[in-house]
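Novice: Quick one, start_0.cif (mmCIF, C-alpha atoms):
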```cif
data_query
#
loop_
_atom_site.label_atom_id
_atom_site.label_comp_id
_atom_site.auth_asym_id
_atom_site.auth_seq_id
_atom_site.Cartn_x
_atom_site.Cartn_y
_atom_site.Cartn_z
CA MET A 1 -13.22 4.78 0.47
CA SER A 2 -9.77 5.68 -0.85
CA SER A 3 -6.80 3.36 -1.07
CA TYR A 4 -4.39 6.30 -0.74
CA CYS A 5 -2.74 6.86 2.65
CA LEU A 6 -0.92 9.89 3.99
CA LEU A 7 2.81 9.68 3.32
CA ALA A 8 3.92 13.06 4.70
CA GLU A 9 2.93 16.72 4.78
CA ASP A 10 4.18 20.12 5.86
CA SER A 11 3.04 23.71 5.33
CA TYR A 12 3.91 23.53 1.62
CA ILE A 13 3.06 20.08 0.29
CA LYS A 14 0.98 17.02 1.09
CA MET A 15 1.81 13.54 -0.23
CA MET A 16 -0.60 10.59 -0.42
CA TYR A 17 0.47 7.15 -1.66
CA ASP A 18 -0.84 3.78 -2.78
CA ILE A 19 1.05 0.55 -3.55
CA GLN A 20 -0.12 -1.84 -6.27
CA GLY A 21 1.31 -5.21 -7.28
CA ASN A 22 1.22 -6.75 -10.73
CA LEU A 23 0.76 -10.44 -11.53
CA GLN A 24 2.89 -9.91 -14.65
CA SER A 25 5.95 -9.29 -12.47
CA ASP A 26 6.72 -11.26 -9.32
CA SER A 27 9.47 -8.88 -8.21
CA GLN A 28 8.01 -5.40 -8.70
CA VAL A 29 5.39 -3.11 -7.20
CA THR A 30 4.32 0.37 -8.28
CA VAL A 31 4.03 3.18 -5.75
CA SER A 32 1.70 5.97 -6.87
CA VAL A 33 2.21 9.29 -5.08
CA ILE A 34 -0.14 12.27 -5.24
CA PHE A 35 1.67 15.57 -4.66
CA GLU A 36 -0.57 18.44 -3.56
CA ASN A 37 0.67 22.01 -3.24
CA THR A 38 -1.12 23.34 -0.15
CA SER A 39 0.74 26.68 -0.11
CA SER A 40 0.50 29.97 -1.99
CA SER A 41 3.99 29.50 -3.47
CA PHE A 42 5.18 27.76 -6.63
CA LEU A 43 6.90 24.38 -6.11
CA LYS A 44 9.48 23.17 -8.62
CA SER A 45 12.58 20.96 -9.04
CA MET A 46 11.06 18.20 -6.91
CA GLU A 47 13.10 15.02 -6.41
CA LEU A 48 12.03 11.92 -4.51
CA ASN A 49 14.61 9.59 -3.03
CA VAL A 50 14.05 6.39 -1.02
CA LEU A 51 16.92 4.59 0.72
CA ASP A 52 17.32 1.05 -0.61
CA SER A 53 17.30 -1.96 1.68
CA LEU A 54 18.80 -5.39 1.03
CA ASN A 55 15.33 -6.59 0.04
CA THR A 56 13.70 -3.61 -1.67
CA LYS A 57 15.18 -1.08 -4.10
CA MET A 58 13.76 1.86 -6.00
CA LEU A 59 14.13 1.43 -9.77
CA ARG A 60 16.07 4.47 -10.95
CA PRO A 61 16.63 5.73 -14.50
CA GLU A 62 19.87 4.69 -16.15
CA GLY A 63 22.79 6.80 -15.02
CA LEU A 64 21.49 7.53 -11.52
CA SER A 65 23.18 6.03 -8.48
CA VAL A 66 21.50 4.72 -5.33
CA HIS A 67 22.16 8.09 -3.71
CA ASP A 68 20.34 10.09 -6.41
CA GLY A 69 16.71 11.06 -6.22
CA ILE A 70 14.25 10.61 -9.08
CA PRO A 71 13.01 13.90 -10.57
CA VAL A 72 9.24 14.38 -10.25
CA PRO A 73 8.09 15.06 -13.86
CA PHE A 74 6.04 18.19 -13.15
CA GLN A 75 5.87 21.45 -11.20
CA LEU A 76 3.08 22.50 -8.85
CA PRO A 77 1.45 25.92 -8.93
CA PRO A 78 -0.42 26.94 -5.76
CA GLY A 79 -3.39 24.68 -4.95
CA VAL A 80 -2.60 22.17 -7.70
CA SER A 81 -2.07 18.41 -7.30
CA ASN A 82 -0.62 15.79 -9.63
CA GLU A 83 0.41 12.15 -9.50
CA ALA A 84 3.67 10.33 -10.26
CA GLN A 85 4.54 6.63 -10.15
CA PHE A 86 7.70 4.96 -8.91
CA VAL A 87 8.65 1.30 -9.39
CA PHE A 88 10.34 -0.79 -6.68
CA THR A 89 12.02 -4.16 -7.13
CA LEU A 90 11.97 -6.66 -4.27
CA GLN A 91 12.96 -10.19 -3.36
CA SER A 92 11.02 -11.48 -0.36
CA ILE A 93 7.43 -10.41 0.28
CA ILE A 94 6.75 -12.38 3.46
CA MET A 95 7.33 -9.49 5.86
CA ALA A 96 6.33 -5.85 6.13
CA GLN A 97 8.97 -3.14 6.05
CA LYS A 98 9.44 0.63 6.13
CA LEU A 99 11.88 2.55 3.96
CA LYS A 100 13.08 6.06 4.76
CA GLY A 101 12.81 8.67 2.05
CA THR A 102 13.06 12.39 1.34
CA LEU A 103 11.32 14.78 -1.03
CA SER A 104 13.47 17.79 -1.91
CA PHE A 105 11.98 20.79 -3.72
CA ILE A 106 12.36 24.52 -4.40
CA ILE A 107 9.82 27.07 -3.18
CA LYS A 108 9.44 30.11 -5.43
CA ASN A 109 7.48 33.22 -4.43
CA ASP A 110 7.75 37.02 -4.52
CA GLU A 111 10.53 36.93 -1.93
CA GLY A 112 12.74 34.62 -4.00
CA SER A 113 13.54 30.90 -4.00
CA THR A 114 14.44 28.58 -1.14
CA HIS A 115 15.32 24.90 -0.92
CA GLU A 116 13.20 22.66 1.32
CA LYS A 117 12.94 18.95 2.07
CA LEU A 118 10.34 16.67 3.61
CA ASP A 119 11.28 13.34 5.20
CA PHE A 120 8.92 10.35 5.21
CA LYS A 121 8.68 6.60 5.78
CA LEU A 122 7.24 4.43 3.03
CA HIS A 123 5.37 1.49 4.55
CA PHE A 124 5.19 -1.75 2.55
CA SER A 125 2.62 -3.97 4.28
CA CYS A 126 2.21 -7.62 3.31
CA ALA A 127 -1.12 -6.66 1.72
CA SER A 128 0.84 -4.42 -0.67
CA TYR A 129 1.96 -7.56 -2.50
CA LEU A 130 -1.52 -9.08 -2.89
CA ILE A 131 -3.59 -9.04 -6.08
CA THR A 132 -7.39 -9.28 -6.02
CA THR A 133 -8.04 -12.69 -7.58
CA PRO A 134 -11.40 -14.52 -7.84
CA CYS A 135 -11.59 -18.08 -6.55
CA TYR A 136 -14.40 -20.64 -6.85
CA SER A 137 -15.58 -22.46 -3.76
CA ASP A 138 -14.40 -25.90 -4.95
CA ALA A 139 -10.88 -24.60 -5.68
CA PHE A 140 -10.88 -22.88 -2.28
CA ALA A 141 -11.84 -26.14 -0.57
CA LYS A 142 -9.04 -28.01 -2.35
CA LEU A 143 -6.53 -25.44 -1.13
CA LEU A 144 -7.66 -25.95 2.47
CA GLU A 145 -7.52 -29.74 2.10
CA SER A 146 -4.10 -29.79 0.43
CA GLY A 147 -2.13 -29.51 3.66
CA ASP A 148 0.28 -27.09 2.00
CA LEU A 149 -0.97 -24.02 3.85
CA HIS A 150 0.04 -22.71 7.26
CA MET A 151 -2.59 -21.34 9.63
CA ASN A 152 -2.76 -18.41 12.03
CA SER A 153 -5.72 -16.74 13.73
CA ILE A 154 -6.44 -13.43 15.40
CA LYS A 155 -9.40 -12.03 17.33
CA VAL A 156 -10.34 -8.36 17.02
CA ASP A 157 -12.91 -6.88 19.36
CA GLY A 158 -14.66 -3.52 19.28
CA ILE A 159 -15.83 -3.87 15.66
CA SER A 160 -18.68 -1.38 15.17
CA VAL A 161 -19.36 -1.64 11.43
CA SER A 162 -21.71 -4.15 9.86
CA PHE A 163 -20.32 -7.48 8.69
CA GLN A 164 -21.00 -6.56 5.07
CA HIS A 165 -19.11 -3.30 5.48
CA LEU A 166 -16.25 -5.15 7.16
CA LEU A 167 -15.93 -7.55 4.22
CA ALA A 168 -16.03 -4.64 1.78
CA LYS A 169 -13.15 -2.94 3.60
CA ILE A 170 -11.06 -6.14 3.62
CA CYS A 171 -11.65 -6.53 -0.12
CA PHE A 172 -10.91 -2.89 -0.91
CA TYR A 173 -7.90 -2.21 1.30
CA HIS A 174 -6.27 -5.65 1.35
CA HIS A 175 -7.14 -6.95 -2.14
CA PHE A 176 -9.30 -9.96 -1.21
CA SER A 177 -12.36 -11.41 -2.90
CA VAL A 178 -15.29 -13.13 -1.20
CA VAL A 179 -15.52 -16.82 -2.08
CA GLU A 180 -18.60 -17.65 -0.04
CA ARG A 181 -20.63 -16.05 2.73
CA VAL A 182 -23.09 -17.64 5.12
CA ASP A 183 -24.66 -15.25 7.64
CA SER A 184 -21.78 -13.77 9.69
CA CYS A 185 -19.12 -16.09 8.33
CA ALA A 186 -17.20 -15.61 5.09
CA SER A 187 -14.43 -17.32 3.14
CA MET A 188 -12.07 -14.94 1.33
CA TYR A 189 -9.16 -15.40 -1.05
CA SER A 190 -6.21 -13.48 -2.47
CA ARG A 191 -2.95 -14.24 -4.23
CA SER A 192 0.46 -12.61 -3.95
CA ILE A 193 2.54 -11.39 -6.87
CA GLN A 194 4.81 -14.39 -6.27
CA GLY A 195 1.96 -16.89 -6.43
CA HIS A 196 1.29 -17.45 -2.72
CA HIS A 197 -2.28 -18.44 -1.90
CA VAL A 198 -3.88 -16.54 0.99
CA CYS A 199 -7.16 -17.85 2.42
CA LEU A 200 -9.19 -16.07 5.09
CA LEU A 201 -12.05 -17.32 7.23
CA VAL A 202 -13.78 -14.33 8.82
CA LYS A 203 -16.39 -14.88 11.54
CA LYS A 204 -18.32 -12.33 13.57
CA VAL A 205 -19.39 -13.51 17.00
CA THR A 206 -21.74 -11.31 19.00
CA LEU A 207 -21.23 -11.45 22.77
CA PRO A 208 -23.37 -9.72 25.41
CA ARG A 209 -21.08 -6.68 25.48
CA ALA A 210 -18.99 -6.86 22.33
CA SER A 211 -18.63 -8.08 18.79
CA ILE A 212 -15.53 -10.14 18.04
CA VAL A 213 -14.18 -10.77 14.56
CA GLU A 214 -12.00 -13.85 14.21
CA VAL A 215 -9.75 -14.01 11.18
CA CYS A 216 -7.99 -17.25 10.26
CA ASN A 217 -5.44 -16.90 7.46
CA THR A 218 -3.49 -19.58 5.69
#
```
What is this structure when it is put down as structure tokens?
Specialist:
Amino acid sequence: MSSYCLLAEDSYIKMMYDIQGNLQSDSQVTVSVIFENTSSSFLKSMELNVLDSLNTKMLRPEGLSVHDGIPVPFQLPPGVSNEAQFVFTLQSIIMAQKLKGTLSFIIKNDEGSTHEKLDFKLHFSCASYLITTPCYSDAFAKLLESGDLHMNSIKVDGISVSFQHLLAKICFYHHFSVVERVDSCASMYSRSIQGHHVCLLVKKVTLPRASIVEVCNT
């Protein structure tokens, strides 16, 4: 499994991205982007720019305005990939959002140089702000009994993977840890960069014609 998702691609370049939070900062996340040159040309002078929203802003070097892109600190020969990281500051993390962005770059080959750009949308899901955090069963029970948590539930049918594989995917992609598992029922926990507790109860119910996974989050 890979935590990197496709950001955008064209006939010259492919971009994959991953978003990671940090418990040391409750107002920042780091976006890691892998740039892969899929062409036979040389790519240089790459700049990445993401439009700020009221809630989320790209942290730019001193002297750059909100309209300026951030230079990518490398060039890409044909068939080569490399990774760069960009920091975003944010206020609220209780809702998902998408930010529009553009990668501009110069293509250099035997015929000369041309300017190109690739537009994309950077998706910040609520799971982007979660940090994998272990939790003991007694502390988990106290959270549920505290009355401070709000509850929602969802049912998902058509699950074809095993329950163990399902839990592994939730842990890997959404930054949860398993607190306790009994047969096809599991308690899971995570914590946001701003200290919110997130508790999951995942149950797999097998019906005559389908398997249903019920997820209760608080």
Novice: Do you have the CA of Tyr136 in chain A-CA of Glu180 in chain A distance handy?
Specialist: 8.5 Å
Novice: Given the PyMOL selection byres ((chain A and resi 32) around 7) and the file above, list the residues it selects as a list in words.
Specialist: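 So the PyMOL selection byres ((chain A and resi 32) around 7) ends up selecting Tyr17, Asp18, Ile19, Thr30, Val31, Val33, Ile34, Glu83, Ala84, Gln85 and Phe86 of chain A.
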Novice: Per residue of range 5-58 of chain A within 8 Å of range 185-200 of chain A, note the shortest atom pair and the distance in Å to one decimal, counting only C-alpha atoms, and order the rows by chain and increasing residue number, as JSON lines.
Specialist:
```
{"residue": "A:Gly21", "atom": "CA", "partner": "A:Ile193", "partner_atom": "CA", "distance": 6.3}
{"residue": "A:Asn22", "atom": "CA", "partner": "A:Ile193", "partner_atom": "CA", "distance": 6.2}
{"residue": "A:Leu23", "atom": "CA", "partner": "A:Ile193", "partner_atom": "CA", "distance": 5.1}
{"residue": "A:Gln24", "atom": "CA", "partner": "A:Ile193", "partner_atom": "CA", "distance": 7.9}
{"residue": "A:Ser25", "atom": "CA", "partner": "A:Ile193", "partner_atom": "CA", "distance": 6.9}
{"residue": "A:Asp26", "atom": "CA", "partner": "A:Gln194", "partner_atom": "CA", "distance": 4.8}
{"residue": "A:Ser27", "atom": "CA", "partner": "A:Gln194", "partner_atom": "CA", "distance": 7.5}
```
Novice: To verify the selection step, state as a list in words which residues the PyMOL selection byres ((chain A and resi 149) around 12) yields on this input.
Specialist: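 Checked against the file, the PyMOL selection byres ((chain A and resi 149) around 12) matches Phe140, Ala141, Lys142, Leu143, Leu144, Glu145, Ser146, Gly147, Asp148, His150, Met151, Asn152, His196, His197, Val198, Cys199, Leu200, Cys216, Asn217 and Thr218 of chain A.
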Novice: Only C-alpha atoms, please: the residues just picked out, written as a compact mmCIF listing (two decimals), keeping the file's coordinate frame.
Specialist:
```txt
# COMPACT_ATOMS: atom_id res chain seq x y z
CA PHE A 140 -10.88 -22.88 -2.28
CA ALA A 141 -11.84 -26.14 -0.57
CA LYS A 142 -9.04 -28.01 -2.35
CA LEU A 143 -6.53 -25.44 -1.13
CA LEU A 144 -7.66 -25.95 2.47
CA GLU A 145 -7.52 -29.74 2.10
CA SER A 146 -4.10 -29.79 0.43
CA GLY A 147 -2.13 -29.51 3.66
CA ASP A 148 0.28 -27.09 2.00
CA HIS A 150 0.04 -22.71 7.26
CA MET A 151 -2.59 -21.34 9.63
CA ASN A 152 -2.76 -18.41 12.03
CA HIS A 196 1.29 -17.45 -2.72
CA HIS A 197 -2.28 -18.44 -1.90
CA VAL A 198 -3.88 -16.54 0.99
CA CYS A 199 -7.16 -17.85 2.42
CA LEU A 200 -9.19 -16.07 5.09
CA CYS A 216 -7.99 -17.25 10.26
CA ASN A 217 -5.44 -16.90 7.46
CA THR A 218 -3.49 -19.58 5.69
```
Novice: Take CA of Ser104 in chain A and CA of Ser45 in chain A and report the distance between them in Å, one decimal.
Specialist: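 Distance between the two atoms: 7.9 Å.
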Novice: Compare A:Glu36, A:Gln91, A:Ser41, A:Tyr4 by their minimum atom-to-atom distance to Ser113 in chain A, counting only C-alpha atoms, and give me the closest one.
Specialist: A:Ser41
Novice: Would you compute the distance between CA of Met15 in chain A and CA of Phe35 in chain A? Give it in Å to one decimal.
Specialist: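 Distance reported for this atom pair: 4.9 Å.
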Novice: What's around range 115-129 of chain A at 9 Å? Count all atoms listed in the file, leave out sequence neighbours fewer than 3 positions away in its own chain, and write the answer as a compact mmCIF listing (two decimals) with C-alpha atoms, keeping the file's coordinate frame.
Specialist:
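Okay, this is what ended up in selection_33.txt:
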```txt
# COMPACT_ATOMS: atom_id res chain seq x y z
CA LEU A 7 2.81 9.68 3.32
CA ALA A 8 3.92 13.06 4.70
CA GLU A 9 2.93 16.72 4.78
CA ASP A 10 4.18 20.12 5.86
CA ILE A 13 3.06 20.08 0.29
CA TYR A 17 0.47 7.15 -1.66
CA ASP A 18 -0.84 3.78 -2.78
CA ILE A 19 1.05 0.55 -3.55
CA GLN A 20 -0.12 -1.84 -6.27
CA GLY A 21 1.31 -5.21 -7.28
CA ASN A 22 1.22 -6.75 -10.73
CA GLN A 28 8.01 -5.40 -8.70
CA VAL A 29 5.39 -3.11 -7.20
CA VAL A 50 14.05 6.39 -1.02
CA ILE A 93 7.43 -10.41 0.28
CA ILE A 94 6.75 -12.38 3.46
CA MET A 95 7.33 -9.49 5.86
CA ALA A 96 6.33 -5.85 6.13
CA GLN A 97 8.97 -3.14 6.05
CA LYS A 98 9.44 0.63 6.13
CA LEU A 99 11.88 2.55 3.96
CA LYS A 100 13.08 6.06 4.76
CA GLY A 101 12.81 8.67 2.05
CA THR A 102 13.06 12.39 1.34
CA LEU A 103 11.32 14.78 -1.03
CA SER A 104 13.47 17.79 -1.91
CA PHE A 105 11.98 20.79 -3.72
CA ILE A 106 12.36 24.52 -4.40
CA ILE A 107 9.82 27.07 -3.18
CA TYR A 173 -7.90 -2.21 1.30
CA HIS A 174 -6.27 -5.65 1.35
CA HIS A 175 -7.14 -6.95 -2.14
CA ARG A 191 -2.95 -14.24 -4.23
CA SER A 192 0.46 -12.61 -3.95
CA ILE A 193 2.54 -11.39 -6.87
CA GLN A 194 4.81 -14.39 -6.27
```
Novice: Return the single residue from A:Pro134, A:Arg181, A:Lys57, A:Phe42 that is closest to Leu167 in chain A, with distances computed using all atoms listed in the file.
Specialist: A:Arg181
